[in-house]
Amino acid sequence: MVVWLMNYLNALISAFLTLLLLTACNDEGKLSLSQRSIIYCSEGSPETFNPQLVTSGTTIDATSNQLYDRLIAYQGTENNLVPALAKSWHVTRDGKKITFYLRKDVAFHQTDYFTPSRLLNADDVIFSFNRILDENHPFHIVSGGNYPFFQNIEFSKLISKIEKINDYTIRFHLTRTDSTFLANLATDYAVILSQEYGQQLAKNNVEKNIDTMPIGTGPFKLKEYRVGSVIRFYRHEAYWQTPAQMEQLVFDITSSNTGRLTKLLAKECDVISYPIAHEKITQRADLLLESVTALNVGYFAFNTTKAPFDNVMVRQAISYAINKKTLLDTIYQGQAEQANSILPNSSWAYDVSTKAQEFNLLKAQNLLTQAGYPDGFTMDLWAMPVQRPYNPNAINMAKLIQAELKKINVKVNIVSYEWNTFLHRLSLGEHQTFLLGWSADHPDPDNFFAPMLSCSARNTGSNRTFWCNQDYDDIIQKALKTNNINKRKQYYAQAMALLSKEVPLIPIAHSKRYQARGRDIIGKIIAPFGGISFYQVAKRTASEEKTLDVNGDNNGTEEVN
């Protein structure tokens, strides 16, 4: 009996020690994984995993620079165009033929659902762009057949054909000179897909997976996605550039701005989007608040096809009744500039003679009377449910506008939906007025004029004002057909003057984009335009943090160049 009891106790002790050892190993594994991972608290779920299909910033952030590459890219504070998947390119003297010479060492992602048998070649580039251009392409109508960025710039009218010279050389043939062609190929939308993956999906009759189970050449590949909860990316080990420093990138989808802040303070997130409580963050020695002066505009806009906003005098009246200073002071808290046009004054095309919109309730009331609404009317104002750089709190802004318009007997009902639903219903034109904005995809001024307010953009649904003016379209087309900067500036000044007269929307602010991170997270994430990138981001080790503490590294606010 004693022997049996001793053996039993020894067995218990052995089992206990084994459990302790396993627990220690597991804790060590968790710590190691934490050091090799970045957790980013994002504000919303992507609509798709293919940025060709949308213009939503939430989707672009989660996809473009994490999963994909483009032929060419922007680099440095001067935003110079540099080689990417194309190692070089050549433009003919007349500007109508652009030849790209591809790299020969670019691997596509290998995942649980796809194993590539070859490297990137010309067929992939042609597949990616012909899907957009050719209505008879087998993948054109997959996911709806809309490619808003490219349709907004009338890409199909610009490209006459894409020619394969050899396996690593392609040539774009243009119908005319276009001063923004290369700039548009460097945007977050001009990503390169895998033709081989597409062929595999077509064979299995699951073509839609090309946009939901993505394959690209970017620094990360998709591992897991749970809608409204989490996106998990793994490092692309065979990346054609130096592989990303982090083995795992996690998007923790947290729509509440308070929730994201709480997770940052509790170290459940390494980086958060659109932080609130800036002062609280800067007071923490272990956190860093950073900002970048973004190329964007936040605005209040009208559905110009719906009464009473099909009447220009009503739109003008509302513009006189909006106190922009109140909105800037309350919503942006001094972290934005008043917008006098859709184009930021930092753009080379900005017209310095553009006048600020006058705040004048008497003029507003007189215009409403002339328009046939002396006693005012009732309207709906749709406010987006998420934070964006151009509008950090659309619901509160809507309440301020509601109070202002009440002074001219206009009753405002505030409407909001879940983010993807909000965008979809806007594109269908169900709204009367709305609060939204635009963040530039590249620094060329055309990126503000064409995608937001052109007739072609109305047809794709990204011009949510549904305003279409042929004079406006003619002006911006003339600006595209010349490389003369002075002439282009004159054309854009004309366009801004026309918008000021017609008022399809009311520009409110050009704001900074903010982001908060733990001090142990290093590397550039945000930029003045386009989506975010975690490619060059890393995490300091505990020993490196101690060294920084000894050397007196400070917390605070940092402007990202």
# chains A, B, ... in the order shown; residues from 1 in each chain; ligands from 1
$ select_by_dssp --residues "segment 102-296 of chain A" --states "strand (DSSP E)" --output "ChimeraX atom specification"
/A:102,159-166,169-174,220-226,230-235,248-253,271-273,287-293,296
$ select_by_dssp --residues "segment 11-140 of chain A" --states "alpha helix (DSSP H)" --output "JSON, numbers by chain"
{"A": [11, 12, 13, 14, 15, 16, 17, 18, 19, 20, 21, 22, 23, 24, 25, 26, 27, 28, 29, 30, 31, 32, 33, 34, 35, 57, 58, 59, 60, 61, 62, 63, 64, 65, 66, 67, 122, 123, 124, 125, 126, 127, 128, 129, 130, 131, 132, 133]}
$ closest_residue --among "A:Thr378, A:Gln357, A:Ser462, A:Gln402" --to "Lys501 of chain A" --atoms "only C-alpha atoms"
A:Gln357
$ residues_around --residues "segment 417-431 of chain A" --least-positions-apart "2" --cutoff "7 Å" --atoms "only C-alpha atoms" --output "PDB file with C-alpha atoms, in the first residue's frame"
ATOM      1  CA  GLU A  47     -15.854  45.638 -48.538  1.00  0.00           C
ATOM      2  CA  ASN A 303     -28.028  64.606 -54.148  1.00  0.00           C
ATOM      3  CA  TRP A 382     -26.808  61.024 -43.897  1.00  0.00           C
ATOM      4  CA  MET A 384     -21.162  58.242 -41.984  1.00  0.00           C
ATOM      5  CA  PRO A 385     -20.724  55.941 -38.956  1.00  0.00           C
ATOM      6  CA  VAL A 386     -16.910  55.679 -38.968  1.00  0.00           C
ATOM      7  CA  THR A 433     -27.717  65.075 -48.415  1.00  0.00           C
ATOM      8  CA  GLY A 461     -21.576  55.726 -58.036  1.00  0.00           C
ATOM      9  CA  SER A 462     -18.469  57.409 -56.576  1.00  0.00           C
ATOM     10  CA  ARG A 464     -22.596  60.643 -54.808  1.00  0.00           C
TER      11      ARG A 464
END
$ residues_around --residues "Ile342 of chain A" --least-positions-apart "4" --cutoff "12 Å" --atoms "only C-alpha atoms" --output "PyMOL selection string"
chain A and resi 295-301+338+346-347+349-351+354+356+390+437-440+445-453+492-493+495-500+503-510
$ residues_around --residues "Asn323 of chain A" --least-positions-apart "2" --cutoff "10 Å" --atoms "only C-alpha atoms" --output "PDB file with all heavy atoms, in the first residue's frame"
ATOM      1  N   SER A 319     -25.395  76.582 -48.351  1.00  0.00           N
ATOM      2  CA  SER A 319     -23.962  76.893 -48.203  1.00  0.00           C
ATOM      3  C   SER A 319     -23.756  78.160 -47.379  1.00  0.00           C
ATOM      4  O   SER A 319     -22.806  78.257 -46.605  1.00  0.00           O
ATOM      5  CB  SER A 319     -23.292  77.019 -49.575  1.00  0.00           C
ATOM      6  OG  SER A 319     -23.693  78.191 -50.243  1.00  0.00           O
ATOM      7  N   TYR A 320     -24.653  79.145 -47.543  1.00  0.00           N
ATOM      8  CA  TYR A 320     -24.552  80.367 -46.748  1.00  0.00           C
ATOM      9  C   TYR A 320     -24.890  80.120 -45.277  1.00  0.00           C
ATOM     10  O   TYR A 320     -24.448  80.863 -44.400  1.00  0.00           O
ATOM     11  CB  TYR A 320     -25.497  81.441 -47.298  1.00  0.00           C
ATOM     12  CG  TYR A 320     -24.957  82.198 -48.483  1.00  0.00           C
ATOM     13  CD1 TYR A 320     -25.602  82.145 -49.717  1.00  0.00           C
ATOM     14  CD2 TYR A 320     -23.816  82.990 -48.374  1.00  0.00           C
ATOM     15  CE1 TYR A 320     -25.120  82.837 -50.822  1.00  0.00           C
ATOM     16  CE2 TYR A 320     -23.317  83.695 -49.462  1.00  0.00           C
ATOM     17  CZ  TYR A 320     -23.965  83.611 -50.685  1.00  0.00           C
ATOM     18  OH  TYR A 320     -23.478  84.307 -51.768  1.00  0.00           O
ATOM     19  N   ALA A 321     -25.645  79.062 -45.000  1.00  0.00           N
ATOM     20  CA  ALA A 321     -26.096  78.799 -43.634  1.00  0.00           C
ATOM     21  C   ALA A 321     -25.151  77.908 -42.839  1.00  0.00           C
ATOM     22  O   ALA A 321     -25.395  77.657 -41.656  1.00  0.00           O
ATOM     23  CB  ALA A 321     -27.489  78.165 -43.667  1.00  0.00           C
ATOM     24  N   LYS A 325     -16.460  77.726 -39.465  1.00  0.00           N
ATOM     25  CA  LYS A 325     -15.578  77.949 -38.326  1.00  0.00           C
ATOM     26  C   LYS A 325     -16.043  77.146 -37.107  1.00  0.00           C
ATOM     27  O   LYS A 325     -15.232  76.540 -36.400  1.00  0.00           O
ATOM     28  CB  LYS A 325     -15.520  79.435 -37.970  1.00  0.00           C
ATOM     29  CG  LYS A 325     -14.510  79.751 -36.867  1.00  0.00           C
ATOM     30  CD  LYS A 325     -14.444  81.234 -36.574  1.00  0.00           C
ATOM     31  CE  LYS A 325     -13.326  81.544 -35.567  1.00  0.00           C
ATOM     32  NZ  LYS A 325     -13.429  80.740 -34.327  1.00  0.00           N
ATOM     33  N   THR A 326     -17.360  77.124 -36.887  1.00  0.00           N
ATOM     34  CA  THR A 326     -17.893  76.334 -35.774  1.00  0.00           C
ATOM     35  C   THR A 326     -17.574  74.853 -35.957  1.00  0.00           C
ATOM     36  O   THR A 326     -17.184  74.161 -35.013  1.00  0.00           O
ATOM     37  CB  THR A 326     -19.413  76.524 -35.673  1.00  0.00           C
ATOM     38  OG1 THR A 326     -19.697  77.898 -35.392  1.00  0.00           O
ATOM     39  CG2 THR A 326     -20.000  75.660 -34.562  1.00  0.00           C
ATOM     40  N   LEU A 327     -17.728  74.369 -37.177  1.00  0.00           N
ATOM     41  CA  LEU A 327     -17.452  72.961 -37.454  1.00  0.00           C
ATOM     42  C   LEU A 327     -15.972  72.632 -37.231  1.00  0.00           C
ATOM     43  O   LEU A 327     -15.635  71.592 -36.657  1.00  0.00           O
ATOM     44  CB  LEU A 327     -17.857  72.607 -38.879  1.00  0.00           C
ATOM     45  CG  LEU A 327     -19.338  72.785 -39.238  1.00  0.00           C
ATOM     46  CD1 LEU A 327     -19.596  72.347 -40.678  1.00  0.00           C
ATOM     47  CD2 LEU A 327     -20.224  72.001 -38.287  1.00  0.00           C
ATOM     48  N   LEU A 328     -15.096  73.524 -37.700  1.00  0.00           N
ATOM     49  CA  LEU A 328     -13.661  73.272 -37.532  1.00  0.00           C
ATOM     50  C   LEU A 328     -13.259  73.299 -36.068  1.00  0.00           C
ATOM     51  O   LEU A 328     -12.504  72.448 -35.601  1.00  0.00           O
ATOM     52  CB  LEU A 328     -12.848  74.296 -38.330  1.00  0.00           C
ATOM     53  CG  LEU A 328     -12.362  73.811 -39.704  1.00  0.00           C
ATOM     54  CD1 LEU A 328     -13.537  73.687 -40.670  1.00  0.00           C
ATOM     55  CD2 LEU A 328     -11.318  74.755 -40.279  1.00  0.00           C
ATOM     56  N   GLN A 357     -16.160  80.772 -48.456  1.00  0.00           N
ATOM     57  CA  GLN A 357     -17.607  80.848 -48.477  1.00  0.00           C
ATOM     58  C   GLN A 357     -18.112  81.731 -47.337  1.00  0.00           C
ATOM     59  O   GLN A 357     -17.705  81.581 -46.189  1.00  0.00           O
ATOM     60  CB  GLN A 357     -18.219  79.457 -48.338  1.00  0.00           C
ATOM     61  CG  GLN A 357     -19.736  79.430 -48.258  1.00  0.00           C
ATOM     62  CD  GLN A 357     -20.395  80.008 -49.494  1.00  0.00           C
ATOM     63  OE1 GLN A 357     -20.078  79.576 -50.596  1.00  0.00           O
ATOM     64  NE2 GLN A 357     -21.280  80.981 -49.331  1.00  0.00           N
ATOM     65  N   GLU A 358     -18.966  82.671 -47.648  1.00  0.00           N
ATOM     66  CA  GLU A 358     -19.512  83.596 -46.657  1.00  0.00           C
ATOM     67  C   GLU A 358     -20.579  82.909 -45.808  1.00  0.00           C
ATOM     68  O   GLU A 358     -21.426  82.174 -46.328  1.00  0.00           O
ATOM     69  CB  GLU A 358     -20.118  84.798 -47.372  1.00  0.00           C
ATOM     70  CG  GLU A 358     -20.693  85.861 -46.449  1.00  0.00           C
ATOM     71  CD  GLU A 358     -21.351  86.998 -47.208  1.00  0.00           C
ATOM     72  OE1 GLU A 358     -21.307  86.977 -48.459  1.00  0.00           O
ATOM     73  OE2 GLU A 358     -21.918  87.891 -46.547  1.00  0.00           O
ATOM     74  N   PHE A 359     -20.532  83.132 -44.505  1.00  0.00           N
ATOM     75  CA  PHE A 359     -21.585  82.668 -43.600  1.00  0.00           C
ATOM     76  C   PHE A 359     -22.562  83.816 -43.420  1.00  0.00           C
ATOM     77  O   PHE A 359     -22.248  84.841 -42.806  1.00  0.00           O
ATOM     78  CB  PHE A 359     -20.981  82.244 -42.262  1.00  0.00           C
ATOM     79  CG  PHE A 359     -22.006  81.920 -41.201  1.00  0.00           C
ATOM     80  CD1 PHE A 359     -22.976  80.950 -41.433  1.00  0.00           C
ATOM     81  CD2 PHE A 359     -22.002  82.582 -39.982  1.00  0.00           C
ATOM     82  CE1 PHE A 359     -23.931  80.645 -40.460  1.00  0.00           C
ATOM     83  CE2 PHE A 359     -22.938  82.279 -39.004  1.00  0.00           C
ATOM     84  CZ  PHE A 359     -23.906  81.311 -39.245  1.00  0.00           C
ATOM     85  N   ASN A 360     -23.787  83.661 -43.966  1.00  0.00           N
ATOM     86  CA  ASN A 360     -24.746  84.770 -43.961  1.00  0.00           C
ATOM     87  C   ASN A 360     -26.162  84.196 -43.967  1.00  0.00           C
ATOM     88  O   ASN A 360     -26.676  83.777 -45.006  1.00  0.00           O
ATOM     89  CB  ASN A 360     -24.518  85.655 -45.190  1.00  0.00           C
ATOM     90  CG  ASN A 360     -25.286  86.953 -45.122  1.00  0.00           C
ATOM     91  OD1 ASN A 360     -26.451  86.986 -44.743  1.00  0.00           O
ATOM     92  ND2 ASN A 360     -24.627  88.049 -45.507  1.00  0.00           N
ATOM     93  N   LEU A 361     -26.787  84.167 -42.795  1.00  0.00           N
ATOM     94  CA  LEU A 361     -28.119  83.578 -42.671  1.00  0.00           C
ATOM     95  C   LEU A 361     -29.183  84.382 -43.414  1.00  0.00           C
ATOM     96  O   LEU A 361     -30.160  83.807 -43.920  1.00  0.00           O
ATOM     97  CB  LEU A 361     -28.494  83.457 -41.190  1.00  0.00           C
ATOM     98  CG  LEU A 361     -27.665  82.461 -40.370  1.00  0.00           C
ATOM     99  CD1 LEU A 361     -28.090  82.497 -38.906  1.00  0.00           C
ATOM    100  CD2 LEU A 361     -27.810  81.043 -40.926  1.00  0.00           C
ATOM    101  N   LEU A 400     -24.464  69.594 -35.390  1.00  0.00           N
ATOM    102  CA  LEU A 400     -24.166  71.028 -35.485  1.00  0.00           C
ATOM    103  C   LEU A 400     -24.854  71.646 -36.697  1.00  0.00           C
ATOM    104  O   LEU A 400     -25.410  72.753 -36.624  1.00  0.00           O
ATOM    105  CB  LEU A 400     -22.651  71.235 -35.557  1.00  0.00           C
ATOM    106  CG  LEU A 400     -21.862  70.902 -34.289  1.00  0.00           C
ATOM    107  CD1 LEU A 400     -20.361  70.976 -34.571  1.00  0.00           C
ATOM    108  CD2 LEU A 400     -22.232  71.856 -33.159  1.00  0.00           C
ATOM    109  N   ILE A 401     -24.806  70.945 -37.822  1.00  0.00           N
ATOM    110  CA  ILE A 401     -25.464  71.434 -39.034  1.00  0.00           C
ATOM    111  C   ILE A 401     -26.980  71.484 -38.826  1.00  0.00           C
ATOM    112  O   ILE A 401     -27.654  72.424 -39.268  1.00  0.00           O
ATOM    113  CB  ILE A 401     -25.098  70.544 -40.235  1.00  0.00           C
ATOM    114  CG1 ILE A 401     -23.617  70.735 -40.585  1.00  0.00           C
ATOM    115  CG2 ILE A 401     -25.981  70.849 -41.444  1.00  0.00           C
ATOM    116  CD1 ILE A 401     -23.099  69.786 -41.652  1.00  0.00           C
ATOM    117  N   GLU A 404     -27.693  74.653 -37.045  1.00  0.00           N
ATOM    118  CA  GLU A 404     -27.506  75.829 -37.896  1.00  0.00           C
ATOM    119  C   GLU A 404     -28.684  75.995 -38.860  1.00  0.00           C
ATOM    120  O   GLU A 404     -29.225  77.096 -39.035  1.00  0.00           O
ATOM    121  CB  GLU A 404     -26.204  75.707 -38.684  1.00  0.00           C
ATOM    122  CG  GLU A 404     -24.936  75.783 -37.849  1.00  0.00           C
ATOM    123  CD  GLU A 404     -24.654  77.183 -37.317  1.00  0.00           C
ATOM    124  OE1 GLU A 404     -25.343  78.135 -37.742  1.00  0.00           O
ATOM    125  OE2 GLU A 404     -23.759  77.312 -36.476  1.00  0.00           O
ATOM    126  N   LEU A 405     -29.104  74.911 -39.505  1.00  0.00           N
ATOM    127  CA  LEU A 405     -30.152  75.001 -40.513  1.00  0.00           C
ATOM    128  C   LEU A 405     -31.526  75.259 -39.907  1.00  0.00           C
ATOM    129  O   LEU A 405     -32.426  75.771 -40.584  1.00  0.00           O
ATOM    130  CB  LEU A 405     -30.175  73.737 -41.371  1.00  0.00           C
ATOM    131  CG  LEU A 405     -28.921  73.473 -42.210  1.00  0.00           C
ATOM    132  CD1 LEU A 405     -29.127  72.288 -43.148  1.00  0.00           C
ATOM    133  CD2 LEU A 405     -28.515  74.709 -43.005  1.00  0.00           C
ATOM    134  N   ILE A 508     -15.586  71.571 -46.536  1.00  0.00           N
ATOM    135  CA  ILE A 508     -15.537  72.037 -45.152  1.00  0.00           C
ATOM    136  C   ILE A 508     -14.110  72.111 -44.619  1.00  0.00           C
ATOM    137  O   ILE A 508     -13.697  73.129 -44.079  1.00  0.00           O
ATOM    138  CB  ILE A 508     -16.384  71.120 -44.245  1.00  0.00           C
ATOM    139  CG1 ILE A 508     -17.861  71.247 -44.634  1.00  0.00           C
ATOM    140  CG2 ILE A 508     -16.192  71.488 -42.768  1.00  0.00           C
ATOM    141  CD1 ILE A 508     -18.760  70.259 -43.935  1.00  0.00           C
TER     142      ILE A 508
END
$ residues_around --residues "segment 513-529 of chain A" --least-positions-apart "2" --cutoff "8 Å" --atoms "only C-alpha atoms" --output "ChimeraX atom specification"
/A:264,267,270-275,281,285-296,389-390,439-443,511,531-534,536-541,545,555,560-561
$ atom_distance --atom1 "atom CA of Glu207 of chain A" --atom2 "atom CA of Phe150 of chain A"
21.0 Å
$ residues_around --residues "Asp134 of chain A" --least-positions-apart "3" --cutoff "12 Å" --atoms "only C-alpha atoms" --output "mmCIF file with N, CA, C and O atoms, in the first residue's frame"
data_model
loop_
_atom_site.group_PDB
_atom_site.id
_atom_site.type_symbol
_atom_site.label_atom_id
_atom_site.label_comp_id
_atom_site.auth_asym_id
_atom_site.auth_seq_id
_atom_site.Cartn_x
_atom_site.Cartn_y
_atom_site.Cartn_z
ATOM 1 N N ILE A 126 -1.450 41.832 -68.067
ATOM 2 C CA ILE A 126 -2.514 41.957 -69.069
ATOM 3 C C ILE A 126 -3.840 41.449 -68.504
ATOM 4 O O ILE A 126 -4.887 42.070 -68.691
ATOM 5 N N PHE A 127 -3.795 40.341 -67.776
ATOM 6 C CA PHE A 127 -4.992 39.807 -67.124
ATOM 7 C C PHE A 127 -5.598 40.837 -66.174
ATOM 8 O O PHE A 127 -6.817 41.072 -66.164
ATOM 9 N N SER A 128 -4.765 41.475 -65.364
ATOM 10 C CA SER A 128 -5.228 42.419 -64.342
ATOM 11 C C SER A 128 -5.906 43.632 -64.951
ATOM 12 O O SER A 128 -6.956 44.089 -64.461
ATOM 13 N N PHE A 129 -5.332 44.185 -66.030
ATOM 14 C CA PHE A 129 -5.906 45.391 -66.622
ATOM 15 C C PHE A 129 -7.019 45.085 -67.616
ATOM 16 O O PHE A 129 -7.989 45.853 -67.720
ATOM 17 N N ASN A 130 -6.918 43.969 -68.336
ATOM 18 C CA ASN A 130 -7.997 43.626 -69.265
ATOM 19 C C ASN A 130 -9.273 43.238 -68.526
ATOM 20 O O ASN A 130 -10.379 43.389 -69.060
ATOM 21 N N ARG A 131 -9.129 42.735 -67.307
ATOM 22 C CA ARG A 131 -10.325 42.479 -66.501
ATOM 23 C C ARG A 131 -11.124 43.775 -66.336
ATOM 24 O O ARG A 131 -12.353 43.772 -66.367
ATOM 25 N N HIS A 137 -14.123 40.070 -70.952
ATOM 26 C CA HIS A 137 -13.153 39.311 -70.166
ATOM 27 C C HIS A 137 -13.907 38.404 -69.193
ATOM 28 O O HIS A 137 -14.900 38.828 -68.585
ATOM 29 N N PRO A 138 -13.479 37.151 -69.025
ATOM 30 C CA PRO A 138 -14.227 36.220 -68.167
ATOM 31 C C PRO A 138 -14.367 36.666 -66.718
ATOM 32 O O PRO A 138 -15.263 36.193 -66.011
ATOM 33 N N PHE A 139 -13.517 37.577 -66.260
ATOM 34 C CA PHE A 139 -13.612 38.043 -64.882
ATOM 35 C C PHE A 139 -14.178 39.458 -64.766
ATOM 36 O O PHE A 139 -14.278 39.991 -63.665
ATOM 37 N N HIS A 140 -14.564 40.071 -65.884
ATOM 38 C CA HIS A 140 -15.012 41.474 -65.834
ATOM 39 C C HIS A 140 -16.245 41.648 -64.955
ATOM 40 O O HIS A 140 -16.302 42.576 -64.133
ATOM 41 N N ILE A 141 -17.238 40.789 -65.105
ATOM 42 C CA ILE A 141 -18.485 40.981 -64.363
ATOM 43 C C ILE A 141 -18.487 40.278 -63.006
ATOM 44 O O ILE A 141 -19.451 40.391 -62.245
ATOM 45 N N GLY A 145 -18.775 43.864 -61.759
ATOM 46 C CA GLY A 145 -18.314 44.528 -62.966
ATOM 47 C C GLY A 145 -18.075 46.011 -62.835
ATOM 48 O O GLY A 145 -17.993 46.727 -63.845
ATOM 49 N N ASN A 146 -17.952 46.523 -61.605
ATOM 50 C CA ASN A 146 -17.669 47.948 -61.395
ATOM 51 C C ASN A 146 -16.233 48.134 -60.930
ATOM 52 O O ASN A 146 -15.776 47.466 -59.998
ATOM 53 N N TYR A 147 -15.548 49.082 -61.558
ATOM 54 C CA TYR A 147 -14.158 49.420 -61.227
ATOM 55 C C TYR A 147 -14.099 50.939 -61.124
ATOM 56 O O TYR A 147 -13.627 51.621 -62.036
ATOM 57 N N PHE A 155 -10.729 55.219 -68.058
ATOM 58 C CA PHE A 155 -9.551 54.440 -68.432
ATOM 59 C C PHE A 155 -9.763 53.674 -69.740
ATOM 60 O O PHE A 155 -8.857 53.565 -70.562
ATOM 61 N N SER A 156 -10.968 53.145 -69.924
ATOM 62 C CA SER A 156 -11.238 52.352 -71.133
ATOM 63 C C SER A 156 -11.202 53.203 -72.400
ATOM 64 O O SER A 156 -10.897 52.697 -73.480
ATOM 65 N N LYS A 157 -11.496 54.492 -72.269
ATOM 66 C CA LYS A 157 -11.423 55.388 -73.425
ATOM 67 C C LYS A 157 -9.984 55.800 -73.710
ATOM 68 O O LYS A 157 -9.650 56.179 -74.831
ATOM 69 N N ILE A 159 -7.161 53.768 -73.088
ATOM 70 C CA ILE A 159 -6.338 52.642 -73.526
ATOM 71 C C ILE A 159 -6.942 52.015 -74.777
ATOM 72 O O ILE A 159 -8.062 51.506 -74.736
ATOM 73 N N SER A 160 -6.199 52.018 -75.854
ATOM 74 C CA SER A 160 -6.695 51.362 -77.071
ATOM 75 C C SER A 160 -6.364 49.871 -77.043
ATOM 76 O O SER A 160 -7.165 49.041 -77.476
ATOM 77 N N LYS A 161 -5.199 49.514 -76.496
ATOM 78 C CA LYS A 161 -4.859 48.103 -76.310
ATOM 79 C C LYS A 161 -3.630 47.984 -75.417
ATOM 80 O O LYS A 161 -2.876 48.937 -75.228
ATOM 81 N N ILE A 162 -3.458 46.772 -74.863
ATOM 82 C CA ILE A 162 -2.248 46.438 -74.101
ATOM 83 C C ILE A 162 -1.572 45.302 -74.841
ATOM 84 O O ILE A 162 -2.151 44.228 -75.030
#
$ closest_atom_pairs --of "segment 136-182 of chain A" --to "segment 102-119 of chain A" --cutoff "12 Å" --atoms "only C-alpha atoms" --output "tab-separated table"
residue	atom	partner	partner_atom	distance
A:Lys164	CA	A:Leu102	CA	11.4
A:Ile165	CA	A:Leu102	CA	11.2
A:Asn166	CA	A:Leu102	CA	10.1
A:Asp167	CA	A:Leu102	CA	8.6
A:Tyr168	CA	A:Leu102	CA	4.9
A:Thr169	CA	A:Leu102	CA	6.0
A:Ile170	CA	A:Leu102	CA	8.1
A:Arg171	CA	A:Leu102	CA	11.0
$ write_last_selection --atoms "N, CA, C and O atoms" --output "PDB file, in the first residue's frame"
ATOM      1  N   LYS A 164       1.482  42.538 -75.535  1.00  0.00           N
ATOM      2  CA  LYS A 164       2.549  41.722 -74.951  1.00  0.00           C
ATOM      3  C   LYS A 164       3.695  41.651 -75.952  1.00  0.00           C
ATOM      4  O   LYS A 164       3.571  41.056 -77.012  1.00  0.00           O
ATOM      5  N   ILE A 165       4.821  42.268 -75.604  1.00  0.00           N
ATOM      6  CA  ILE A 165       6.003  42.237 -76.473  1.00  0.00           C
ATOM      7  C   ILE A 165       6.732  40.911 -76.297  1.00  0.00           C
ATOM      8  O   ILE A 165       7.098  40.242 -77.262  1.00  0.00           O
ATOM      9  N   ASN A 166       6.941  40.537 -75.045  1.00  0.00           N
ATOM     10  CA  ASN A 166       7.474  39.219 -74.696  1.00  0.00           C
ATOM     11  C   ASN A 166       7.035  38.916 -73.267  1.00  0.00           C
ATOM     12  O   ASN A 166       6.230  39.663 -72.702  1.00  0.00           O
ATOM     13  N   ASP A 167       7.540  37.854 -72.668  1.00  0.00           N
ATOM     14  CA  ASP A 167       7.068  37.446 -71.347  1.00  0.00           C
ATOM     15  C   ASP A 167       7.300  38.491 -70.265  1.00  0.00           C
ATOM     16  O   ASP A 167       6.632  38.454 -69.222  1.00  0.00           O
ATOM     17  N   TYR A 168       8.230  39.409 -70.492  1.00  0.00           N
ATOM     18  CA  TYR A 168       8.545  40.392 -69.457  1.00  0.00           C
ATOM     19  C   TYR A 168       8.497  41.827 -69.973  1.00  0.00           C
ATOM     20  O   TYR A 168       9.062  42.727 -69.353  1.00  0.00           O
ATOM     21  N   THR A 169       7.797  42.043 -71.070  1.00  0.00           N
ATOM     22  CA  THR A 169       7.660  43.391 -71.628  1.00  0.00           C
ATOM     23  C   THR A 169       6.230  43.586 -72.121  1.00  0.00           C
ATOM     24  O   THR A 169       5.711  42.765 -72.874  1.00  0.00           O
ATOM     25  N   ILE A 170       5.602  44.662 -71.670  1.00  0.00           N
ATOM     26  CA  ILE A 170       4.257  44.993 -72.126  1.00  0.00           C
ATOM     27  C   ILE A 170       4.216  46.454 -72.557  1.00  0.00           C
ATOM     28  O   ILE A 170       5.005  47.279 -72.080  1.00  0.00           O
ATOM     29  N   ARG A 171       3.288  46.765 -73.438  1.00  0.00           N
ATOM     30  CA  ARG A 171       3.174  48.142 -73.946  1.00  0.00           C
ATOM     31  C   ARG A 171       1.708  48.580 -73.914  1.00  0.00           C
ATOM     32  O   ARG A 171       0.829  47.892 -74.432  1.00  0.00           O
TER      33      ARG A 171
END
$ decode --residues "segment 459-467 of chain A" --atoms "N, CA and C atoms" --output "PDB file, in the first residue's frame"
ATOM      1  N   ASN A 459     -21.825  57.899 -62.972  1.00  0.00           N
ATOM      2  CA  ASN A 459     -22.294  56.617 -63.495  1.00  0.00           C
ATOM      3  C   ASN A 459     -21.770  55.435 -62.684  1.00  0.00           C
ATOM      4  N   THR A 460     -20.595  55.580 -62.067  1.00  0.00           N
ATOM      5  CA  THR A 460     -20.027  54.485 -61.276  1.00  0.00           C
ATOM      6  C   THR A 460     -20.484  54.521 -59.827  1.00  0.00           C
ATOM      7  N   GLY A 461     -21.089  55.625 -59.407  1.00  0.00           N
ATOM      8  CA  GLY A 461     -21.576  55.726 -58.036  1.00  0.00           C
ATOM      9  C   GLY A 461     -20.614  56.376 -57.074  1.00  0.00           C
ATOM     10  N   SER A 462     -19.394  56.745 -57.499  1.00  0.00           N
ATOM     11  CA  SER A 462     -18.469  57.409 -56.576  1.00  0.00           C
ATOM     12  C   SER A 462     -18.712  58.921 -56.533  1.00  0.00           C
ATOM     13  N   ASN A 463     -19.430  59.461 -57.519  1.00  0.00           N
ATOM     14  CA  ASN A 463     -19.919  60.841 -57.468  1.00  0.00           C
ATOM     15  C   ASN A 463     -21.299  60.786 -56.846  1.00  0.00           C
ATOM     16  N   ARG A 464     -21.326  60.843 -55.508  1.00  0.00           N
ATOM     17  CA  ARG A 464     -22.596  60.643 -54.808  1.00  0.00           C
ATOM     18  C   ARG A 464     -23.505  61.856 -54.861  1.00  0.00           C
ATOM     19  N   THR A 465     -23.039  62.960 -55.435  1.00  0.00           N
ATOM     20  CA  THR A 465     -23.919  64.114 -55.646  1.00  0.00           C
ATOM     21  C   THR A 465     -24.791  63.916 -56.881  1.00  0.00           C
ATOM     22  N   PHE A 466     -24.373  63.007 -57.772  1.00  0.00           N
ATOM     23  CA  PHE A 466     -25.048  62.733 -59.045  1.00  0.00           C
ATOM     24  C   PHE A 466     -25.158  63.989 -59.910  1.00  0.00           C
ATOM     25  N   TRP A 467     -24.282  64.949 -59.629  1.00  0.00           N
ATOM     26  CA  TRP A 467     -24.199  66.177 -60.423  1.00  0.00           C
ATOM     27  C   TRP A 467     -23.407  65.878 -61.687  1.00  0.00           C
TER      28      TRP A 467
END
